[in-house]
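**Q** Contents of upload25.csv (CSV, C-alpha atoms):
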chain,number,residue,atom,x,y,z
A,1,MET,CA,95.3,95.9,56.6
A,2,ILE,CA,96.8,99.0,58.1
A,3,LYS,CA,95.3,98.2,61.5
A,4,ASP,CA,96.9,94.8,61.6
A,5,LYS,CA,100.3,96.2,60.6
A,6,LEU,CA,100.0,98.9,63.3
A,7,LYS,CA,99.1,96.3,65.9
A,8,VAL,CA,102.2,94.3,65.0
A,9,PHE,CA,104.2,97.5,65.2
A,10,ILE,CA,102.9,98.7,68.5
A,11,GLU,CA,103.3,95.3,70.2
A,12,ASN,CA,106.8,94.8,68.8
A,13,LYS,CA,109.4,94.1,71.5
A,14,TYR,CA,111.7,96.8,70.2
A,15,VAL,CA,109.0,99.4,70.1
A,16,THR,CA,107.9,98.5,73.6
A,17,ASN,CA,111.5,98.8,74.9
A,18,PHE,CA,111.9,102.2,73.1
A,19,ILE,CA,108.8,103.5,74.8
A,20,LEU,CA,110.2,102.3,78.1
A,21,ALA,CA,113.5,104.1,77.5
A,22,VAL,CA,111.6,107.3,76.6
A,23,ILE,CA,109.6,107.0,79.9
A,24,VAL,CA,112.9,106.6,81.9
A,25,TYR,CA,114.5,109.5,80.1
A,26,ASN,CA,111.4,111.7,80.6
A,27,SER,CA,111.4,111.0,84.3
A,28,ILE,CA,115.1,111.9,84.6
A,29,ALA,CA,114.7,115.1,82.6
A,30,LEU,CA,111.8,116.2,84.7
A,31,GLY,CA,114.0,115.7,87.8
A,32,LEU,CA,116.9,117.7,86.2
A,33,LEU,CA,114.5,120.6,85.5
A,34,THR,CA,114.1,121.1,89.2
A,35,TYR,CA,117.8,122.3,89.4
A,36,PRO,CA,118.0,126.0,88.6
A,37,LYS,CA,121.7,125.9,87.6
A,38,LEU,CA,121.1,123.1,85.2
A,39,CYS,CA,118.1,125.0,83.8
A,40,ASP,CA,120.3,127.9,83.1
A,41,ILE,CA,122.7,125.7,81.1
A,42,CYS,CA,120.4,123.3,79.3
A,43,GLY,CA,116.9,124.1,80.4
A,44,ASN,CA,115.6,124.7,76.9
A,45,PHE,CA,117.0,121.4,75.6
A,46,LEU,CA,115.4,119.5,78.6
A,47,GLN,CA,112.1,121.2,78.1
A,48,ILE,CA,112.0,120.6,74.4
A,49,SER,CA,113.0,116.9,74.9
A,50,CYS,CA,110.2,116.5,77.5
A,51,ASP,CA,107.7,118.0,75.0
A,52,VAL,CA,109.0,115.5,72.4
A,53,CYS,CA,108.5,112.7,74.9
A,54,VAL,CA,104.9,113.8,75.4
A,55,ILE,CA,104.4,113.8,71.6
A,56,ILE,CA,105.8,110.2,71.4
A,57,PHE,CA,103.5,109.1,74.2
A,58,THR,CA,100.5,110.7,72.5
A,59,ILE,CA,101.3,109.0,69.2
A,60,GLU,CA,101.6,105.7,71.1
A,61,ILE,CA,98.2,106.2,72.7
A,62,ALA,CA,96.6,107.3,69.4
A,63,ILE,CA,97.8,104.1,67.7
A,64,LYS,CA,96.5,101.9,70.5
A,65,LEU,CA,93.1,103.7,70.4
A,66,TYR,CA,93.0,103.1,66.6
A,67,VAL,CA,94.1,99.5,66.8
A,68,TYR,CA,92.1,98.3,69.9
A,69,GLY,CA,89.1,100.7,69.6
A,70,LYS,CA,86.7,100.5,72.6
A,71,SER,CA,88.5,97.5,74.0
A,72,PHE,CA,91.4,99.8,74.8
A,73,PHE,CA,89.5,101.2,77.8
A,74,LYS,CA,88.6,97.8,79.2
A,75,ASP,CA,92.1,97.5,80.6
A,76,GLY,CA,92.6,99.6,83.7
A,77,TRP,CA,96.3,100.2,83.0
A,78,ASN,CA,95.4,101.6,79.6
A,79,ASN,CA,93.0,104.0,81.3
A,80,PHE,CA,95.7,105.0,83.7
A,81,ASP,CA,98.1,105.7,80.8
A,82,PHE,CA,95.5,107.7,78.9
A,83,ILE,CA,94.8,109.9,81.9
A,84,LEU,CA,98.5,110.6,82.5
A,85,ILE,CA,99.0,111.6,78.9
A,86,ALA,CA,95.9,113.7,78.7
A,87,MET,CA,97.0,115.7,81.8
A,88,SER,CA,100.3,116.4,80.0
A,89,TRP,CA,98.4,118.4,77.4
A,90,ILE,CA,96.8,120.8,80.0
A,91,PRO,CA,97.9,124.3,79.0
A,92,THR,CA,99.8,126.3,81.6
A,93,GLY,CA,100.9,129.5,79.9
A,94,GLY,CA,99.3,132.7,78.6
A,95,VAL,CA,95.6,133.0,79.3
A,96,PHE,CA,95.8,129.5,80.9
A,97,SER,CA,98.3,130.6,83.6
A,98,SER,CA,95.7,129.8,86.2
A,99,PHE,CA,96.2,126.1,85.3
A,100,ARG,CA,99.9,126.4,86.1
A,101,VAL,CA,99.4,124.3,89.2
A,102,PHE,CA,98.8,121.3,86.9
A,103,ARG,CA,102.4,121.5,85.8
A,104,VAL,CA,103.3,119.5,88.9
A,105,LEU,CA,101.3,116.6,87.5
A,106,ARG,CA,104.1,116.2,84.9
A,107,ALA,CA,105.9,114.2,87.6
A,108,LEU,CA,103.2,111.6,87.4
A,109,ARG,CA,104.5,110.5,84.0
A,110,ALA,CA,107.1,108.5,85.9
A,111,LEU,CA,104.2,106.3,87.0
A,112,ARG,CA,104.1,104.9,83.5
A,113,LEU,CA,106.9,102.7,84.5
A,114,VAL,CA,104.4,100.9,86.6
A,115,THR,CA,102.2,100.1,83.6
A,116,ARG,CA,105.3,99.0,81.6
A,117,LEU,CA,107.1,96.8,84.1
A,118,GLN,CA,105.3,93.6,85.0
A,119,LYS,CA,106.8,93.2,88.5
A,120,LEU,CA,105.8,96.7,89.5
A,121,ARG,CA,102.2,96.1,88.1
A,122,LEU,CA,102.1,93.0,90.2
A,123,ILE,CA,103.0,94.8,93.4
A,124,VAL,CA,100.6,97.7,92.8
A,125,GLN,CA,97.8,95.3,91.9
A,126,ALA,CA,98.5,93.4,95.1
A,127,ILE,CA,98.4,96.5,97.2
A,128,ILE,CA,95.1,97.6,95.6
A,129,GLU,CA,93.5,94.2,96.1
A,130,SER,CA,94.7,93.9,99.7
A,131,ILE,CA,93.2,97.3,100.7
A,132,PRO,CA,90.1,95.8,102.4
A,133,ASN,CA,92.2,93.5,104.6
A,134,VAL,CA,94.7,96.2,105.3
A,135,LEU,CA,91.9,98.6,106.4
A,136,TRP,CA,90.8,96.1,109.0
A,137,ALA,CA,94.4,95.8,110.2
A,138,CYS,CA,94.6,99.6,110.3
A,139,LEU,CA,91.4,99.8,112.3
A,140,LEU,CA,93.0,97.4,114.8
A,141,LEU,CA,96.1,99.5,114.9
A,142,LEU,CA,93.9,102.7,115.5
A,143,LEU,CA,92.1,100.9,118.3
A,144,ILE,CA,95.5,100.0,119.9
A,145,PHE,CA,96.6,103.7,119.5
A,146,TYR,CA,93.5,104.9,121.2
A,147,ILE,CA,93.8,102.6,124.1
A,148,PHE,CA,97.5,103.3,124.7
A,149,SER,CA,96.8,107.1,124.2
A,150,ILE,CA,94.3,107.0,127.1
A,151,MET,CA,96.7,105.0,129.2
A,152,GLY,CA,99.6,107.4,128.5
A,153,THR,CA,97.6,110.5,129.0
A,154,THR,CA,96.3,109.2,132.3
A,155,MET,CA,99.7,108.1,133.6
A,156,TYR,CA,102.1,110.7,132.2
A,157,GLY,CA,99.9,113.6,131.1
A,158,GLU,CA,100.6,115.9,134.1
A,159,GLU,CA,104.4,115.5,134.2
A,160,PHE,CA,105.0,115.2,130.4
A,161,SER,CA,102.3,117.3,128.9
A,162,ASP,CA,104.3,117.9,125.7
A,163,TYR,CA,104.2,114.2,125.0
A,164,PHE,CA,101.0,113.0,126.7
A,165,GLY,CA,99.1,116.1,127.7
A,166,THR,CA,96.0,115.2,125.5
A,167,ILE,CA,94.8,112.3,123.5
A,168,GLY,CA,96.0,114.1,120.3
A,169,LYS,CA,99.5,114.6,121.7
A,170,SER,CA,99.6,111.1,123.0
A,171,MET,CA,98.7,109.7,119.5
A,172,ILE,CA,101.5,111.8,117.9
A,173,THR,CA,104.0,110.5,120.4
A,174,LEU,CA,102.8,106.9,119.8
A,175,PHE,CA,103.1,107.4,116.1
A,176,GLN,CA,106.7,108.6,116.6
A,177,MET,CA,107.3,105.4,118.6
A,178,VAL,CA,105.8,103.2,115.8
A,179,THR,CA,108.2,104.7,113.4
A,180,LEU,CA,111.0,103.9,115.9
A,181,ASP,CA,112.2,107.5,115.6
A,182,ASP,CA,114.2,108.4,118.7
A,183,TRP,CA,111.5,106.7,120.8
A,184,ALA,CA,113.9,105.4,123.4
A,185,ALA,CA,116.2,108.3,124.2
A,186,GLY,CA,113.7,111.0,123.3
A,187,VAL,CA,110.5,109.6,124.9
A,188,ALA,CA,110.9,106.5,126.9
A,189,ARG,CA,114.1,107.1,129.0
A,190,PRO,CA,113.1,110.5,130.4
A,191,ILE,CA,109.7,109.0,131.6
A,192,CYS,CA,111.3,105.8,132.9
A,193,SER,CA,113.8,107.9,134.9
A,194,ILE,CA,110.8,109.1,137.0
A,195,HIS,CA,108.5,106.0,136.5
A,196,PRO,CA,110.7,102.9,136.9
A,197,PHE,CA,107.9,100.6,135.5
A,198,GLY,CA,107.2,102.8,132.6
A,199,TRP,CA,109.2,100.5,130.3
A,200,ILE,CA,106.3,98.0,130.5
A,201,TYR,CA,104.0,100.5,128.8
A,202,PHE,CA,106.5,101.4,126.1
A,203,VAL,CA,107.9,98.0,125.3
A,204,SER,CA,104.4,96.4,125.2
A,205,PHE,CA,103.2,99.1,122.8
A,206,ILE,CA,106.2,98.7,120.5
A,207,LEU,CA,105.8,94.9,120.5
A,208,ILE,CA,102.1,95.0,119.7
A,209,SER,CA,102.1,97.9,117.2
A,210,SER,CA,105.4,97.7,115.3
A,211,PHE,CA,106.2,94.0,115.5
A,212,VAL,CA,102.8,92.4,115.4
A,213,VAL,CA,100.2,94.6,113.7
A,214,MET,CA,102.6,96.1,111.1
A,215,ASN,CA,103.8,92.6,110.3
A,216,VAL,CA,100.2,91.6,109.8
A,217,ILE,CA,99.8,94.4,107.2
A,218,VAL,CA,103.0,93.3,105.4
A,219,GLY,CA,101.8,89.7,105.5
A,220,VAL,CA,98.5,90.6,104.0
A,221,ILE,CA,100.2,92.4,101.1
A,222,VAL,CA,102.8,89.6,100.6
A,223,ASN,CA,100.0,87.0,100.5
A,224,ALA,CA,98.1,89.1,98.0
A,225,ILE,CA,101.2,89.2,95.8
A,226,GLY,CA,101.5,85.5,96.0
A,227,GLU,CA,97.9,85.0,95.0
A,228,ILE,CA,98.1,87.4,92.1
A,229,SER,CA,101.3,85.7,90.9
A,230,GLU,CA,99.6,82.3,91.0
A,231,LYS,CA,96.6,83.7,89.1
A,232,SER,CA,98.8,85.2,86.5
A,233,LYS,CA,100.7,81.9,86.1
A,234,LEU,CA,97.4,80.0,85.7
A,235,MET,CA,96.1,82.5,83.2
A,236,ARG,CA,99.4,82.2,81.1
A,237,GLU,CA,99.1,78.4,81.3
A,238,ARG,CA,95.5,78.5,80.1
A,239,LYS,CA,96.4,80.9,77.3
A,240,ASN,CA,99.3,78.6,76.2
A,241,ARG,CA,97.0,75.6,76.3
A,242,LYS,CA,94.4,77.4,74.3
A,243,LEU,CA,97.1,78.5,71.7
A,244,LYS,CA,98.4,74.9,71.6
A,245,THR,CA,94.9,73.5,71.1
A,246,ASP,CA,94.1,76.1,68.4
A,247,LEU,CA,97.4,75.3,66.7
A,248,GLU,CA,96.8,71.5,66.8
A,249,ARG,CA,93.3,72.1,65.4
A,250,GLU,CA,94.7,74.2,62.5
A,251,LEU,CA,97.4,71.6,61.9
A,252,SER,CA,94.7,68.9,61.8
A,253,LYS,CA,92.7,70.9,59.2
A,254,LEU,CA,95.9,71.5,57.2
A,255,LYS,CA,96.7,67.8,57.2
A,256,ARG,CA,93.2,66.9,56.0
A,257,GLN,CA,93.4,69.5,53.3
A,258,ILE,CA,96.8,68.1,52.2
A,259,ALA,CA,95.4,64.6,52.2
A,260,LYS,CA,92.5,65.7,50.0
A,261,VAL,CA,95.0,67.4,47.6
A,262,GLU,CA,97.1,64.3,47.5
A,263,LEU,CA,94.1,62.2,46.7
A,264,LEU,CA,93.0,64.6,43.9
A,265,MET,CA,96.6,64.5,42.5
A,266,SER,CA,96.6,60.7,42.7
A,267,ASP,CA,93.3,60.6,40.8
A,268,VAL,CA,94.6,63.0,38.2
A,269,ASN,CA,97.8,61.0,37.7
A,270,THR,CA,95.7,57.8,37.4
A,271,GLU,CA,93.5,59.3,34.8
A,272,ALA,CA,96.5,60.6,32.9
A,273,SER,CA,98.2,57.1,33.0
A,274,ASP,CA,95.0,55.5,31.7
A,275,LYS,CA,94.9,57.8,28.7
In structure tokens, how does this file's structure come out?

**A**
Amino acid sequence: MIKDKLKVFIENKYVTNFILAVIVYNSIALGLLTYPKLCDICGNFLQISCDVCVIIFTIEIAIKLYVYGKSFFKDGWNNFDFILIAMSWIPTGGVFSSFRVFRVLRALRALRLVTRLQKLRLIVQAIIESIPNVLWACLLLLLIFYIFSIMGTTMYGEEFSDYFGTIGKSMITLFQMVTLDDWAAGVARPICSIHPFGWIYFVSFILISSFVVMNVIVGVIVNAIGEISEKSKLMRERKNRKLKTDLERELSKLKRQIAKVELLMSDVNTEASDK
């Protein structure tokens, strides 16, 4: 059947690698199109090649839709692929110039690498599944921010209004400290020069926020990656066991059929020798 042949074709290792190479090239070409000098030299070629990439992606999706039917949309990654390719066909010229803003969505095609590379899919899936726990950790971090913002505004608001004049300014300053962006020389040392014990406030906040809470968030994601990896491994083992069982069952049927054929041949040979 045509559908079976197309399924073998689209799942072929070489076809899969070819599509991956096209995705990589398309991502690079889209980046090169942002350079005006390069656009003057080979902009037409890059644009045409990007359009060809979109056509290849569309053919791939069309074949998968024909082969898998409704089951194609049962896979979330397939839906993600479909949406990215559909957005590539949004018109942006002529009477549709108002949709030109959607041209920036072309950059999202690079995300197809996530759907193609198993390790990237694993990390993204782990991040998505760990969102509930990460949200609780973020809520704890926000609470710490709020408490230290009140403390900072109360202690240093009058003398350092640019940093701790209001709750909002204090939170921005604390966010700068969490990122460890010039927090010591730019924020802590000027304040500690006037308030000798100010280091207690800054060091305790850095320890609690950057080295404890942020590590908790990282730990949650790493743990989710481990759990998903274990689940994937178990699913592969179950699939392999099922394939092995099915193969053994088919081999057993084949052996019984061969035995029947041999028995029939033996009977035929016996009858022929009697005659």

**Q** Excluding Ser49 (chain A) and any residue of its chain fewer than 2 positions from it, enumerate the residues within 10 Å of it, using only C-alpha atoms, and give them as a list in words.

**A**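 Once the nearby chain positions are removed, what remains is Val22, Tyr25, Asn26, Ala29, Leu30, Gly43, Asn44, Phe45, Leu46, Gln47, Asp51, Val52, Cys53, Val54 and Ile55 of chain A.
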
**Q** What gap, in Å, lies between CA of Arg112 (chain A) and CA of Ala21 (chain A)?

**A**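 Value for the CA of Arg112 (chain A)-CA of Ala21 (chain A) distance: 11.2 Å.
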
**Q** With a distance cut-off of 9 Å and all atoms listed in the file, select the neighbouring residues of Leu6 (chain A), excluding the residue or stretch itself and same-chain residues fewer than 3 positions from it, and output the selection as JSON, numbers by chain.

**A** {"A": [1, 2, 3, 9, 10, 11, 63, 64, 66, 67]}

**Q** With distances taken over only C-alpha atoms, which of A:Gln257, A:Glu230, A:Arg116, A:Ile194 is nearest to Lys13 (chain A)?

**A** A:Arg116

**Q** For each of A:Glu60, A:Ser149, A:Ile90, A:Pro36, take the minimum atom-to-atom distance to Val15 (chain A), counting only C-alpha atoms, then give the residue where this is smallest.

**A** A:Glu60

**Q** Give me the residues within 12 Å of Tyr146 (chain A) as a PyMOL selection string, counting only C-alpha atoms and dropping any in the same chain fewer than 6 places off.

**A** chain A and resi 139-140+152-153+166-175+205+209

**Q** Kindly give the distance, in Å, that separates CA of Ile61 (chain A) and CA of Phe82 (chain A), rounded to a single decimal.

**A**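 Straight-line distance from CA of Ile61 (chain A) to CA of Phe82 (chain A) works out to 6.9 Å.
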
**Q** What is the distance, in Å and to one decimal place, between CA of Val216 (chain A) and CA of Tyr201 (chain A)?

**A** 21.3 Å

**Q** Could you check the closest approach to Arg121 (chain A) for each of A:Ser232, A:Ser266, A:Thr16, A:Thr245 and tell me which residue wins, using only C-alpha atoms?

**A**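 Selected residue with least distance to Arg121 (chain A): A:Ser232.
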